[in-house]
Structure formats: C-alpha cells, structure tokens
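Working notes, beginning with the structure itself.
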Amino acid sequence: MKVAVIKYNAGNIRSVAFALERLGITYTITDSIEEIQNADKVIFPGVGEANTTMSYLKEKKLDQLIVSLKQPVLGICLGMQLLCRHSDENNTPCLGIFNQSVKKFEPVNQLKVPHMGWNSLTKICGWLDPSLNEKYVYFVHSFYVPVNPDTTAVTDYTVPFSAAMRRNNFYAVQFHPEKSSDAGEVVLRNFLNSIE
Amino acid sequence: MLTKRIIACLDIKDGRTVKGVNFVKLRDAGDPVELAAAYAEQGVDELVLLDISATTEKRKTITNLVRQVASRINIPFTVGGGIGSVQDVAPLLEAGADKVSINSSAVKNPDLIDELAKEFGSQFVVLAVDTRKMSNTWAVHTHGGSFPTDKKLFSWAKEGQERGAGEILFTSMDHDGTKNGFALDPLKKINELLKIPVIASGGAGHVFHFFEAFTLGRADAALAAGVFHFGEIKIPDLKLYLKKNHISIRM
C-alpha cells in the first residue's frame, strides 16, 4: 500500500509520519501532484490558520488536486476543516467536499478556547470502530464543524460538534489520531486497513 | 466531556534525565526516551521536557532527543528551556514537538510570544510563569526562579494571552518542592482572569492536591515531577482517585 502524506506548511506532519511508522506503514511526505494521485491512501494533516493554508494550497495547485482525488483521503484537524465549504476563520472559502461552514467556539460557562485536551467520542457510526465510543482522543482547535448528515462521531464542547465525518471517499477527524494514544491508533488503522 | 490533564515533567540535562527516578522495569531511568515511553504507557496525558543544560552547545542535543521521543510516544509533549528565538523553535517542531514553553526569554523580549504565535500558531506557545510572593504581590521570576523581575503574575499572564500564548504554565516557586499542595488562591484568580487553559505547577505531594487544583483552583491541567518520578504518586492511582471524586479524567 502506498500512503501519501500531503506536504504543506503544516506543523504536525512529522507527528503523523511517526504515527505511521509505529504502525509499520511506509509513506511518502510529498507535494508532487503525480505522487499524490498515484497513492492508495492520502492523508491531509493540518495545524495552522485556514486562510494562509488555503492560499498555500492554491499556489501549489493542491486545492484542485485534493477535490479530484478518488482514493480514500483522511483530513486531520485543519485538514478536516479545509475539506468543508467555508471557514469563519478569516472568512475563508475552502475545498467544499463537506457542505458545511466552520464556526468559532464561543467561550461559555468558564469553558476556554481553544478546546485543548482529551475529550470523548460519542455516537460513533460508519467507518470508525464501534469500540471507540466513549474513548478519549486529543483535540487542539478553536473552530469546529457543526453536527451534520456526514458526521460519524460527535464530541461535546460548549456545543456538540463533528469529531469525525465521511462523504464518499473523503474521511475526516477533528482530533489528532497521531497524538491520541491507543484510541488514535485504532482510528488510523480503521482508515489504513479497513477501507477499500 | 473535556478531561482535566495530568502532566509529568522531565528535567533534561545534556540529553539525560536528572533527579533520581524510581521506576520499576525501566532499563535506563536516566534515558528520557525510556522514561517518556513509560509515562505514556501509565496513562499520563501530556509530557513536558525541560532542558536545563548549561550551555547552548549542549542544548543542541535536545533536537535529537525530541525526535526520538516523538517517534516513540503517541501523546502530546511540550519542550522548554533555552528557547530564545523563532529560529530555536523551528527545528524542535520539525522534530515532532507539539508545543514549546518559553519563560525567561519572553520576559526579556515579550514580542517573542507574538512572533512564535504568528509563525507557528497559538497552540504551539506555552508561556511558563515562575512566581514568588514578594511583599503581597506575585512577582515573576526568571532563570528557574532565581531572578525577580518587575512583572507581576496576573498582568503578565494576561499580556501573554493577548500576545498569543495558547496556554499558561503557572508555577509557584514558594510551593514547588514543599509537597503541601498547589498555590490555590492565585491559581483560581488566574483561571478566572484568562480565556486560555492554565496548567498548575509546584507543590504536588498527595493525590488530594490535584483534586484541589482542579476544583478550588479551577486548573485545566496539573503538572508534577518528583512525586511521579519517585513513585510516591502513581499515575493510574491518581487518575482512579480523581475519577472516584467526580473529576473528568481520561482512564
């Protein structure tokens, strides 16, 4: 299996790479359009700001490439948000795979923003292993995707939001599976081993 | 529900863990990679690697160490100690660190907080604030608590938040090592004042102290070093105790 990790100006690519190594998966970190097109699975990681990242993707023509991919694609954190139609983070038009608008958390009841730390997955369905229900995974984000028909896991923080989604060959998680201990490894295995 | 976080701190000098460590089944307790892996296995939520090497030359070993730790453990970790510029941080993040903590260098040059937040995002920037109570105010200290500055805890933490820090690591030097509990009053006040998460540090000696930090002190996370290293408090026991006492915790 050839796994391509999309290389761009994101901070956590190395962590994703290490997580794949721990699972014994060989991968390439690349921004080559041909290499990404020819991969069996594509991972679109991300930590950063939506607007800057979209500009970077456009400059490298990776925006057109990502939406045209037919193999399974996994968006992580900002990667998931960029797969949506629009982000309120600096009013950024995004890739439009998920027909959702990304919202900002409002601090309420002494809950702080960013949402940082371990929170539980609920209402697991679709591509994620049912054993992940009530398991804790690691989040760091200030923006969220509301619960919608593509949602495959829900987490609560000020509001219920999409912890995971799927539409056709596009899979996405708001948390960081590469930093989520054993539960995170289950998620990566689900994507890498259980999806055709 | 978002859980409270338990953080273990490893002091690293010249690539080795300092402070005696009393971990069973550990081949080399001085090896930070082994120790980090052992903590991750025990269920700690995050790690802090604090480089206390005396010279810049020796500090360069930390990048290599960060890479080894990142390849081994699957939980988030922060790297601190001796970070003075954006240039110091880039190799640490490239090596797999999730966050960096800055302290003395930020006091000396507060713009560093803005620069790091702009370059890498707020979630990467932990502002460590070491304080001691001096004539009724909490004075910020640098260089591991050695030098008092004219900055005060509450205004400095607020400034850090406004400049783009993603988290505050609040240490009371007065409480550090006493095992008498965290500095609850300033902890509560700082948590009410800030919109970003606060990590309590200094004074952990008993599982009850963590309970207090999370309830009375309203901390988002609590950090300890010695009591964990010497096995006086075991991570699974601590978590079970907190869970039994209705603190949201990852088991």
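In the structure tokens, chains take the letters A, B, ... in the order shown, each chain's residues start at 1, and ligands count up from 1 in the order shown.
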Select from chain A everything DSSP, run on the backbone, classes as alpha helix (DSSP H), then give the selection as a short mmCIF file (atom, residue, chain, number, x, y, z; two decimals) with N, CA, C and O atoms, in the first residue's frame.
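What landed in states_19.cif:
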data_model
loop_
_atom_site.label_atom_id
_atom_site.label_comp_id
_atom_site.auth_asym_id
_atom_site.auth_seq_id
_atom_site.Cartn_x
_atom_site.Cartn_y
_atom_site.Cartn_z
N ILE A 13 3.25 17.49 10.58
CA ILE A 13 3.47 16.42 9.61
C ILE A 13 4.38 15.35 10.17
O ILE A 13 4.16 14.16 10.00
N ARG A 14 5.41 15.77 10.91
CA ARG A 14 6.36 14.81 11.49
C ARG A 14 5.64 13.87 12.46
O ARG A 14 5.91 12.67 12.47
N SER A 15 4.72 14.41 13.26
CA SER A 15 3.99 13.56 14.21
C SER A 15 3.15 12.51 13.50
O SER A 15 3.06 11.37 13.94
N VAL A 16 2.52 12.92 12.40
CA VAL A 16 1.72 11.97 11.62
C VAL A 16 2.64 10.89 11.04
O VAL A 16 2.34 9.69 11.09
N ALA A 17 3.80 11.33 10.54
CA ALA A 17 4.76 10.39 9.96
C ALA A 17 5.22 9.36 11.01
O ALA A 17 5.25 8.15 10.74
N PHE A 18 5.53 9.85 12.22
CA PHE A 18 5.96 8.93 13.29
C PHE A 18 4.86 7.94 13.64
O PHE A 18 5.13 6.76 13.90
N ALA A 19 3.61 8.41 13.65
CA ALA A 19 2.48 7.52 13.98
C ALA A 19 2.37 6.42 12.92
O ALA A 19 2.12 5.26 13.25
N LEU A 20 2.57 6.77 11.65
CA LEU A 20 2.52 5.76 10.58
C LEU A 20 3.65 4.76 10.76
O LEU A 20 3.46 3.56 10.58
N GLU A 21 4.84 5.26 11.13
CA GLU A 21 5.98 4.36 11.35
C GLU A 21 5.69 3.37 12.47
O GLU A 21 6.01 2.19 12.37
N ARG A 22 5.05 3.86 13.55
CA ARG A 22 4.74 2.97 14.67
C ARG A 22 3.78 1.87 14.24
O ARG A 22 3.77 0.79 14.79
N ILE A 33 2.06 16.34 -7.37
CA ILE A 33 0.70 16.01 -7.79
C ILE A 33 0.63 14.56 -8.28
O ILE A 33 -0.28 13.81 -7.92
N GLU A 34 1.65 14.15 -9.03
CA GLU A 34 1.65 12.80 -9.57
C GLU A 34 1.73 11.74 -8.45
O GLU A 34 0.98 10.77 -8.45
N GLU A 35 2.62 12.00 -7.50
CA GLU A 35 2.79 11.04 -6.40
C GLU A 35 1.52 10.91 -5.56
O GLU A 35 1.15 9.81 -5.14
N ILE A 36 0.86 12.03 -5.33
CA ILE A 36 -0.37 12.00 -4.54
C ILE A 36 -1.47 11.27 -5.32
O ILE A 36 -2.18 10.43 -4.77
N GLN A 37 -1.56 11.56 -6.62
CA GLN A 37 -2.58 10.89 -7.45
C GLN A 37 -2.40 9.39 -7.48
O GLN A 37 -3.37 8.64 -7.52
N ALA A 50 -6.55 28.83 8.60
CA ALA A 50 -7.25 28.40 7.39
C ALA A 50 -6.86 29.23 6.16
O ALA A 50 -6.53 28.67 5.10
N ASN A 51 -6.87 30.56 6.29
CA ASN A 51 -6.67 31.42 5.13
C ASN A 51 -5.28 31.26 4.51
O ASN A 51 -5.14 31.07 3.30
N THR A 52 -4.26 31.31 5.37
CA THR A 52 -2.87 31.16 4.90
C THR A 52 -2.70 29.81 4.23
O THR A 52 -2.05 29.68 3.18
N THR A 53 -3.28 28.78 4.85
CA THR A 53 -3.11 27.43 4.32
C THR A 53 -3.81 27.27 2.98
O THR A 53 -3.26 26.67 2.05
N MET A 54 -5.04 27.82 2.84
CA MET A 54 -5.75 27.74 1.54
C MET A 54 -4.94 28.44 0.45
O MET A 54 -4.83 27.93 -0.67
N SER A 55 -4.36 29.61 0.77
CA SER A 55 -3.55 30.33 -0.22
C SER A 55 -2.37 29.48 -0.67
O SER A 55 -2.06 29.41 -1.85
N TYR A 56 -1.76 28.82 0.32
CA TYR A 56 -0.61 27.97 0.01
C TYR A 56 -1.02 26.80 -0.89
O TYR A 56 -0.35 26.49 -1.88
N LEU A 57 -2.17 26.18 -0.56
CA LEU A 57 -2.65 25.05 -1.36
C LEU A 57 -2.94 25.49 -2.80
O LEU A 57 -2.64 24.78 -3.75
N LYS A 58 -3.53 26.68 -2.93
CA LYS A 58 -3.85 27.20 -4.27
C LYS A 58 -2.59 27.46 -5.07
O LYS A 58 -2.52 27.13 -6.26
N GLU A 59 -1.62 28.06 -4.40
CA GLU A 59 -0.35 28.38 -5.06
C GLU A 59 0.29 27.12 -5.63
O GLU A 59 0.85 27.13 -6.72
N LEU A 62 -2.65 22.41 -5.18
CA LEU A 62 -3.06 21.24 -4.41
C LEU A 62 -4.56 21.28 -4.14
O LEU A 62 -5.19 20.26 -3.90
N ASP A 63 -5.17 22.48 -4.20
CA ASP A 63 -6.62 22.59 -3.96
C ASP A 63 -7.41 21.81 -5.00
O ASP A 63 -8.28 21.01 -4.67
N GLN A 64 -7.06 21.99 -6.28
CA GLN A 64 -7.76 21.27 -7.35
C GLN A 64 -7.48 19.78 -7.26
O GLN A 64 -8.36 18.94 -7.50
N LEU A 65 -6.23 19.46 -6.91
CA LEU A 65 -5.85 18.05 -6.81
C LEU A 65 -6.67 17.33 -5.74
O LEU A 65 -7.25 16.28 -6.00
N ILE A 66 -6.73 17.92 -4.54
CA ILE A 66 -7.39 17.24 -3.41
C ILE A 66 -8.84 16.91 -3.75
O ILE A 66 -9.29 15.78 -3.56
N VAL A 67 -9.59 17.87 -4.29
CA VAL A 67 -11.01 17.60 -4.56
C VAL A 67 -11.20 16.58 -5.68
O VAL A 67 -12.26 15.96 -5.78
N SER A 68 -10.17 16.40 -6.52
CA SER A 68 -10.32 15.45 -7.64
C SER A 68 -9.92 14.03 -7.26
O SER A 68 -10.09 13.11 -8.06
N LEU A 78 -7.10 20.74 10.98
CA LEU A 78 -7.33 21.78 9.98
C LEU A 78 -7.63 21.14 8.62
O LEU A 78 -8.42 21.67 7.84
N GLY A 79 -7.03 19.98 8.35
CA GLY A 79 -7.30 19.27 7.10
C GLY A 79 -8.79 18.98 6.96
O GLY A 79 -9.37 19.13 5.88
N MET A 80 -9.44 18.58 8.04
CA MET A 80 -10.88 18.33 8.03
C MET A 80 -11.65 19.64 7.77
O MET A 80 -12.58 19.67 6.97
N GLN A 81 -11.22 20.71 8.44
CA GLN A 81 -11.95 21.98 8.28
C GLN A 81 -11.82 22.50 6.85
O GLN A 81 -12.77 23.05 6.29
N LEU A 82 -10.64 22.31 6.25
CA LEU A 82 -10.43 22.81 4.89
C LEU A 82 -11.22 22.00 3.86
O LEU A 82 -11.47 22.47 2.75
N SER A 181 -2.94 8.37 21.68
CA SER A 181 -2.65 7.11 22.33
C SER A 181 -3.26 5.93 21.56
O SER A 181 -3.33 5.98 20.32
N ASP A 182 -3.72 4.91 22.28
CA ASP A 182 -4.22 3.69 21.62
C ASP A 182 -5.46 3.96 20.78
O ASP A 182 -5.63 3.40 19.69
N ALA A 183 -6.35 4.84 21.27
CA ALA A 183 -7.58 5.14 20.53
C ALA A 183 -7.24 5.74 19.16
O ALA A 183 -7.86 5.42 18.14
N GLY A 184 -6.23 6.60 19.14
CA GLY A 184 -5.80 7.22 17.88
C GLY A 184 -5.27 6.20 16.90
O GLY A 184 -5.51 6.29 15.69
N GLU A 185 -4.57 5.20 17.44
CA GLU A 185 -4.04 4.15 16.56
C GLU A 185 -5.16 3.33 15.94
O GLU A 185 -5.08 2.93 14.78
N VAL A 186 -6.23 3.12 16.70
CA VAL A 186 -7.40 2.40 16.15
C VAL A 186 -7.97 3.19 14.97
O VAL A 186 -8.29 2.63 13.91
N VAL A 187 -8.08 4.51 15.13
CA VAL A 187 -8.63 5.36 14.07
C VAL A 187 -7.76 5.28 12.82
O VAL A 187 -8.27 5.10 11.70
N LEU A 188 -6.45 5.38 13.00
CA LEU A 188 -5.55 5.31 11.84
C LEU A 188 -5.63 3.94 11.16
O LEU A 188 -5.66 3.84 9.93
N ARG A 189 -5.71 2.89 11.98
CA ARG A 189 -5.86 1.54 11.41
C ARG A 189 -7.17 1.40 10.65
O ARG A 189 -7.22 0.78 9.59
N ASN A 190 -8.26 1.99 11.20
CA ASN A 190 -9.55 1.95 10.51
C ASN A 190 -9.40 2.53 9.11
O ASN A 190 -9.89 1.98 8.13
N PHE A 191 -8.73 3.66 9.03
CA PHE A 191 -8.58 4.32 7.74
C PHE A 191 -7.63 3.55 6.83
O PHE A 191 -7.90 3.37 5.64
N LEU A 192 -6.52 3.07 7.40
CA LEU A 192 -5.48 2.47 6.55
C LEU A 192 -5.79 1.03 6.17
O LEU A 192 -5.47 0.60 5.07
N ASN A 193 -6.43 0.29 7.08
CA ASN A 193 -6.59 -1.15 6.83
C ASN A 193 -8.02 -1.57 6.48
O ASN A 193 -8.21 -2.57 5.80
#
*Find the residues of chain A in contact range of chain B, meaning any atom within 7 Å when counting only C-alpha atoms, and list them as JSON, numbers by chain.*
{"A": [11, 12, 14, 15, 18, 48, 112, 113, 114, 117, 118, 119, 120, 136, 156, 157, 178, 179, 180, 181]}
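Relative to CA of Val42 (chain A), CA of Ile97 (chain A) is found at 15.0 Å.
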*Surrounding residues of Ala219 (chain B) excluding itself and chain neighbours under 2 positions, 10 Å, only C-alpha atoms, as JSON, numbers by chain*: {"B": [4, 5, 170, 184, 187, 188, 190, 191, 192, 197, 198, 199, 200, 201, 210, 211, 212, 213, 214, 215, 216, 217, 221, 222]}
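You will find CA of Gly80 (chain B) at 7.4 Å from CA of Val48 (chain B).
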_Per-residue DSSP, region 147-196 of chain A, filtered to strand (DSSP E), as a PyMOL selection string_ = chain A and resi 151-157+159-167+170-173
Selection from above, all heavy atoms, as a compact mmCIF listing (two decimals), in the first residue's frame, can you write it?
# COMPACT_ATOMS: atom_id res chain seq x y z
N THR A 151 -21.65 13.52 9.61
CA THR A 151 -20.96 13.28 10.88
C THR A 151 -20.94 11.79 11.24
O THR A 151 -21.97 11.13 11.17
CB THR A 151 -21.66 14.08 12.01
OG1 THR A 151 -21.63 15.46 11.66
CG2 THR A 151 -20.96 13.89 13.35
N THR A 152 -19.75 11.29 11.64
CA THR A 152 -19.65 9.88 12.05
C THR A 152 -19.18 9.72 13.50
O THR A 152 -19.03 8.60 13.98
CB THR A 152 -18.70 9.11 11.12
OG1 THR A 152 -17.41 9.74 11.14
CG2 THR A 152 -19.21 9.08 9.69
N ALA A 153 -18.90 10.84 14.17
CA ALA A 153 -18.64 10.82 15.61
C ALA A 153 -18.88 12.23 16.14
O ALA A 153 -18.60 13.21 15.45
CB ALA A 153 -17.21 10.39 15.93
N VAL A 154 -19.43 12.29 17.36
CA VAL A 154 -19.78 13.58 17.95
C VAL A 154 -19.01 13.76 19.26
O VAL A 154 -18.85 12.82 20.03
CB VAL A 154 -21.30 13.66 18.23
CG1 VAL A 154 -21.67 14.96 18.94
CG2 VAL A 154 -22.08 13.52 16.93
N THR A 155 -18.50 14.99 19.48
CA THR A 155 -17.89 15.34 20.76
C THR A 155 -18.57 16.62 21.24
O THR A 155 -19.03 17.42 20.43
CB THR A 155 -16.37 15.52 20.60
OG1 THR A 155 -15.79 14.27 20.25
CG2 THR A 155 -15.71 16.02 21.88
N ASP A 156 -18.64 16.76 22.56
CA ASP A 156 -19.30 17.92 23.16
C ASP A 156 -18.30 18.90 23.69
O ASP A 156 -17.43 18.52 24.50
CB ASP A 156 -20.15 17.43 24.35
CG ASP A 156 -21.61 17.67 24.08
OD1 ASP A 156 -21.99 18.84 23.91
OD2 ASP A 156 -22.35 16.66 24.02
N TYR A 157 -18.36 20.14 23.27
CA TYR A 157 -17.59 21.21 23.93
C TYR A 157 -18.31 22.52 23.67
O TYR A 157 -18.31 23.01 22.55
CB TYR A 157 -16.14 21.28 23.42
CG TYR A 157 -15.28 22.17 24.30
CD1 TYR A 157 -14.95 21.78 25.59
CD2 TYR A 157 -14.83 23.42 23.86
CE1 TYR A 157 -14.19 22.59 26.42
CE2 TYR A 157 -14.07 24.23 24.68
CZ TYR A 157 -13.75 23.81 25.96
OH TYR A 157 -13.00 24.62 26.78
N VAL A 159 -20.84 23.12 22.56
CA VAL A 159 -21.90 22.57 21.71
C VAL A 159 -21.46 21.19 21.24
O VAL A 159 -20.26 20.91 21.24
CB VAL A 159 -22.13 23.46 20.45
CG1 VAL A 159 -22.78 24.78 20.80
CG2 VAL A 159 -20.83 23.68 19.69
N PRO A 160 -22.41 20.33 20.81
CA PRO A 160 -21.98 19.09 20.16
C PRO A 160 -21.40 19.44 18.78
O PRO A 160 -21.99 20.28 18.09
CB PRO A 160 -23.27 18.29 20.01
CG PRO A 160 -24.32 19.02 20.78
CD PRO A 160 -23.87 20.44 20.90
N PHE A 161 -20.26 18.88 18.42
CA PHE A 161 -19.68 19.17 17.10
C PHE A 161 -19.18 17.88 16.44
O PHE A 161 -19.16 16.82 17.08
CB PHE A 161 -18.56 20.21 17.24
CG PHE A 161 -17.34 19.71 17.96
CD1 PHE A 161 -16.32 19.07 17.27
CD2 PHE A 161 -17.21 19.87 19.34
CE1 PHE A 161 -15.20 18.60 17.94
CE2 PHE A 161 -16.08 19.40 20.01
CZ PHE A 161 -15.09 18.75 19.31
N SER A 162 -18.80 17.97 15.17
CA SER A 162 -18.34 16.80 14.43
C SER A 162 -16.91 16.46 14.82
O SER A 162 -15.99 17.21 14.52
CB SER A 162 -18.37 17.06 12.92
OG SER A 162 -19.69 17.27 12.48
N ALA A 163 -16.72 15.29 15.47
CA ALA A 163 -15.37 14.82 15.77
C ALA A 163 -14.83 14.05 14.58
O ALA A 163 -13.62 13.96 14.38
CB ALA A 163 -15.38 13.94 17.01
N ALA A 164 -15.76 13.47 13.79
CA ALA A 164 -15.36 12.74 12.58
C ALA A 164 -16.46 12.83 11.55
O ALA A 164 -17.64 13.02 11.90
CB ALA A 164 -15.05 11.28 12.91
N MET A 165 -16.08 12.73 10.27
CA MET A 165 -17.07 12.80 9.19
C MET A 165 -16.65 11.86 8.06
O MET A 165 -15.52 11.42 7.99
CB MET A 165 -17.15 14.23 8.63
CG MET A 165 -17.61 15.27 9.63
SD MET A 165 -18.18 16.79 8.85
CE MET A 165 -16.64 17.47 8.26
N ARG A 166 -17.60 11.61 7.16
CA ARG A 166 -17.28 10.91 5.94
C ARG A 166 -18.24 11.33 4.84
O ARG A 166 -19.45 11.47 5.06
CB ARG A 166 -17.40 9.40 6.11
CG ARG A 166 -17.05 8.70 4.82
CD ARG A 166 -17.51 7.28 4.74
NE ARG A 166 -17.25 6.81 3.37
CZ ARG A 166 -17.49 5.58 2.95
NH1 ARG A 166 -17.97 4.70 3.80
NH2 ARG A 166 -17.26 5.24 1.71
N ARG A 167 -17.73 11.57 3.66
CA ARG A 167 -18.55 11.76 2.47
C ARG A 167 -17.81 11.08 1.32
O ARG A 167 -16.70 11.47 0.99
CB ARG A 167 -18.76 13.24 2.19
CG ARG A 167 -19.75 13.47 1.08
CD ARG A 167 -20.11 14.95 0.96
NE ARG A 167 -21.25 15.12 0.09
CZ ARG A 167 -22.52 15.04 0.46
NH1 ARG A 167 -22.80 14.83 1.73
NH2 ARG A 167 -23.48 15.19 -0.41
N PHE A 170 -14.00 10.68 1.09
CA PHE A 170 -13.35 11.64 1.99
C PHE A 170 -13.72 11.34 3.45
O PHE A 170 -14.90 11.31 3.80
CB PHE A 170 -13.73 13.07 1.62
CG PHE A 170 -13.07 13.51 0.34
CD1 PHE A 170 -13.71 13.31 -0.88
CD2 PHE A 170 -11.81 14.10 0.35
CE1 PHE A 170 -13.09 13.69 -2.07
CE2 PHE A 170 -11.19 14.48 -0.83
CZ PHE A 170 -11.83 14.28 -2.05
N TYR A 171 -12.68 11.12 4.25
CA TYR A 171 -12.83 10.82 5.68
C TYR A 171 -12.16 11.96 6.43
O TYR A 171 -11.20 12.57 5.93
CB TYR A 171 -12.13 9.50 6.01
CG TYR A 171 -12.71 8.33 5.23
CD1 TYR A 171 -12.38 8.13 3.90
CD2 TYR A 171 -13.60 7.44 5.82
CE1 TYR A 171 -12.92 7.08 3.17
CE2 TYR A 171 -14.14 6.38 5.10
CZ TYR A 171 -13.80 6.21 3.77
OH TYR A 171 -14.33 5.18 3.07
N ALA A 172 -12.64 12.25 7.62
CA ALA A 172 -12.05 13.39 8.32
C ALA A 172 -12.21 13.24 9.83
O ALA A 172 -13.21 12.69 10.31
CB ALA A 172 -12.72 14.68 7.86
N VAL A 173 -11.20 13.72 10.56
CA VAL A 173 -11.28 13.75 12.03
C VAL A 173 -10.81 15.12 12.52
O VAL A 173 -9.86 15.68 12.00
CB VAL A 173 -10.43 12.64 12.69
CG1 VAL A 173 -11.07 11.27 12.46
CG2 VAL A 173 -8.99 12.64 12.21
*asked:* Excluding Thr17 (chain B) and its own-chain neighbours fewer than 4 positions away, which residues fall within 7 Å of it when counting only C-alpha atoms? Please give them as number ranges by chain.
replied: B: 10-13, 30-32
Hey, what's within 7 Å of region 105-108 of chain A if we count only C-alpha atoms and toss same-chain stuff fewer than 2 positions away? As an mmCIF file with all heavy atoms, in the first residue's frame, please?
data_model
loop_
_atom_site.group_PDB
_atom_site.id
_atom_site.type_symbol
_atom_site.label_atom_id
_atom_site.label_comp_id
_atom_site.auth_asym_id
_atom_site.auth_seq_id
_atom_site.Cartn_x
_atom_site.Cartn_y
_atom_site.Cartn_z
ATOM 1 N N LYS A 103 -17.314 26.955 12.196
ATOM 2 C CA LYS A 103 -17.658 28.029 13.158
ATOM 3 C C LYS A 103 -16.592 28.166 14.236
ATOM 4 O O LYS A 103 -15.873 27.217 14.512
ATOM 5 C CB LYS A 103 -18.976 27.690 13.864
ATOM 6 C CG LYS A 103 -20.120 27.313 12.950
ATOM 7 C CD LYS A 103 -20.738 28.547 12.356
ATOM 8 C CE LYS A 103 -21.906 28.197 11.445
ATOM 9 N NZ LYS A 103 -22.039 29.199 10.364
ATOM 10 N N GLN A 110 -17.208 29.310 31.642
ATOM 11 C CA GLN A 110 -15.822 29.092 32.027
ATOM 12 C C GLN A 110 -15.120 28.035 31.179
ATOM 13 O O GLN A 110 -14.025 27.594 31.527
ATOM 14 C CB GLN A 110 -15.712 28.724 33.510
ATOM 15 C CG GLN A 110 -16.110 29.870 34.405
ATOM 16 C CD GLN A 110 -16.397 29.421 35.819
ATOM 17 O OE1 GLN A 110 -16.277 28.256 36.155
ATOM 18 N NE2 GLN A 110 -16.773 30.369 36.646
ATOM 19 N N LEU A 111 -15.756 27.606 30.083
ATOM 20 C CA LEU A 111 -15.050 26.711 29.173
ATOM 21 C C LEU A 111 -14.166 27.573 28.296
ATOM 22 O O LEU A 111 -14.597 28.597 27.771
ATOM 23 C CB LEU A 111 -16.039 25.905 28.323
ATOM 24 C CG LEU A 111 -16.847 24.860 29.082
ATOM 25 C CD1 LEU A 111 -17.908 24.248 28.186
ATOM 26 C CD2 LEU A 111 -15.944 23.766 29.631
ATOM 27 N N LYS A 112 -12.918 27.155 28.149
ATOM 28 C CA LYS A 112 -11.942 28.008 27.486
ATOM 29 C C LYS A 112 -11.782 27.665 26.013
ATOM 30 O O LYS A 112 -12.101 26.566 25.588
ATOM 31 C CB LYS A 112 -10.609 27.900 28.213
ATOM 32 C CG LYS A 112 -10.679 28.510 29.608
ATOM 33 C CD LYS A 112 -9.492 28.150 30.424
ATOM 34 C CE LYS A 112 -9.576 28.812 31.794
ATOM 35 N NZ LYS A 112 -8.477 28.396 32.653
ATOM 36 N N VAL A 113 -11.285 28.620 25.263
ATOM 37 C CA VAL A 113 -10.976 28.423 23.847
ATOM 38 C C VAL A 113 -9.507 28.791 23.658
ATOM 39 O O VAL A 113 -9.106 29.858 24.119
ATOM 40 C CB VAL A 113 -11.883 29.318 22.975
ATOM 41 C CG1 VAL A 113 -11.518 29.152 21.498
ATOM 42 C CG2 VAL A 113 -13.348 28.974 23.207
ATOM 43 N N SER A 142 -9.820 25.837 17.766
ATOM 44 C CA SER A 142 -10.696 26.942 18.173
ATOM 45 C C SER A 142 -11.935 27.019 17.296
ATOM 46 O O SER A 142 -12.874 27.746 17.600
ATOM 47 C CB SER A 142 -9.943 28.267 18.084
ATOM 48 O OG SER A 142 -8.826 28.253 18.940
ATOM 49 N N PHE A 143 -11.917 26.296 16.169
ATOM 50 C CA PHE A 143 -13.047 26.288 15.233
ATOM 51 C C PHE A 143 -13.593 24.871 15.138
ATOM 52 O O PHE A 143 -12.863 23.905 15.392
ATOM 53 C CB PHE A 143 -12.583 26.777 13.855
ATOM 54 C CG PHE A 143 -12.242 28.252 13.842
ATOM 55 C CD1 PHE A 143 -11.020 28.698 14.324
ATOM 56 C CD2 PHE A 143 -13.161 29.181 13.373
ATOM 57 C CE1 PHE A 143 -10.710 30.057 14.338
ATOM 58 C CE2 PHE A 143 -12.865 30.539 13.374
ATOM 59 C CZ PHE A 143 -11.632 30.979 13.868
ATOM 60 N N TYR A 144 -14.877 24.748 14.781
ATOM 61 C CA TYR A 144 -15.481 23.415 14.741
ATOM 62 C C TYR A 144 -16.474 23.297 13.591
ATOM 63 O O TYR A 144 -16.979 24.308 13.079
ATOM 64 C CB TYR A 144 -16.189 23.118 16.070
ATOM 65 C CG TYR A 144 -17.453 23.947 16.276
ATOM 66 C CD1 TYR A 144 -18.714 23.446 15.936
ATOM 67 C CD2 TYR A 144 -17.375 25.248 16.794
ATOM 68 C CE1 TYR A 144 -19.857 24.211 16.113
ATOM 69 C CE2 TYR A 144 -18.517 26.018 16.963
ATOM 70 C CZ TYR A 144 -19.755 25.494 16.627
ATOM 71 O OH TYR A 144 -20.886 26.261 16.782
ATOM 72 N N THR A 158 -18.943 23.050 24.612
ATOM 73 C CA THR A 158 -19.883 24.185 24.534
ATOM 74 C C THR A 158 -21.089 23.823 23.666
ATOM 75 O O THR A 158 -22.208 24.184 23.979
ATOM 76 C CB THR A 158 -19.245 25.509 24.028
ATOM 77 O OG1 THR A 158 -18.924 25.391 22.639
ATOM 78 C CG2 THR A 158 -18.009 25.893 24.801
#
*CA of Ala36 (chain B) to CA of Val69 (chain B), distance in Å rounded to a single decimal*: 6.9 Å
_Residues near Pro93 (chain A), cut-off 10 Å, only C-alpha atoms, skip fewer than 2 positions along chain, as a ChimeraX atom specification_ = /A:50-51,54,82,84-91,95-96,101
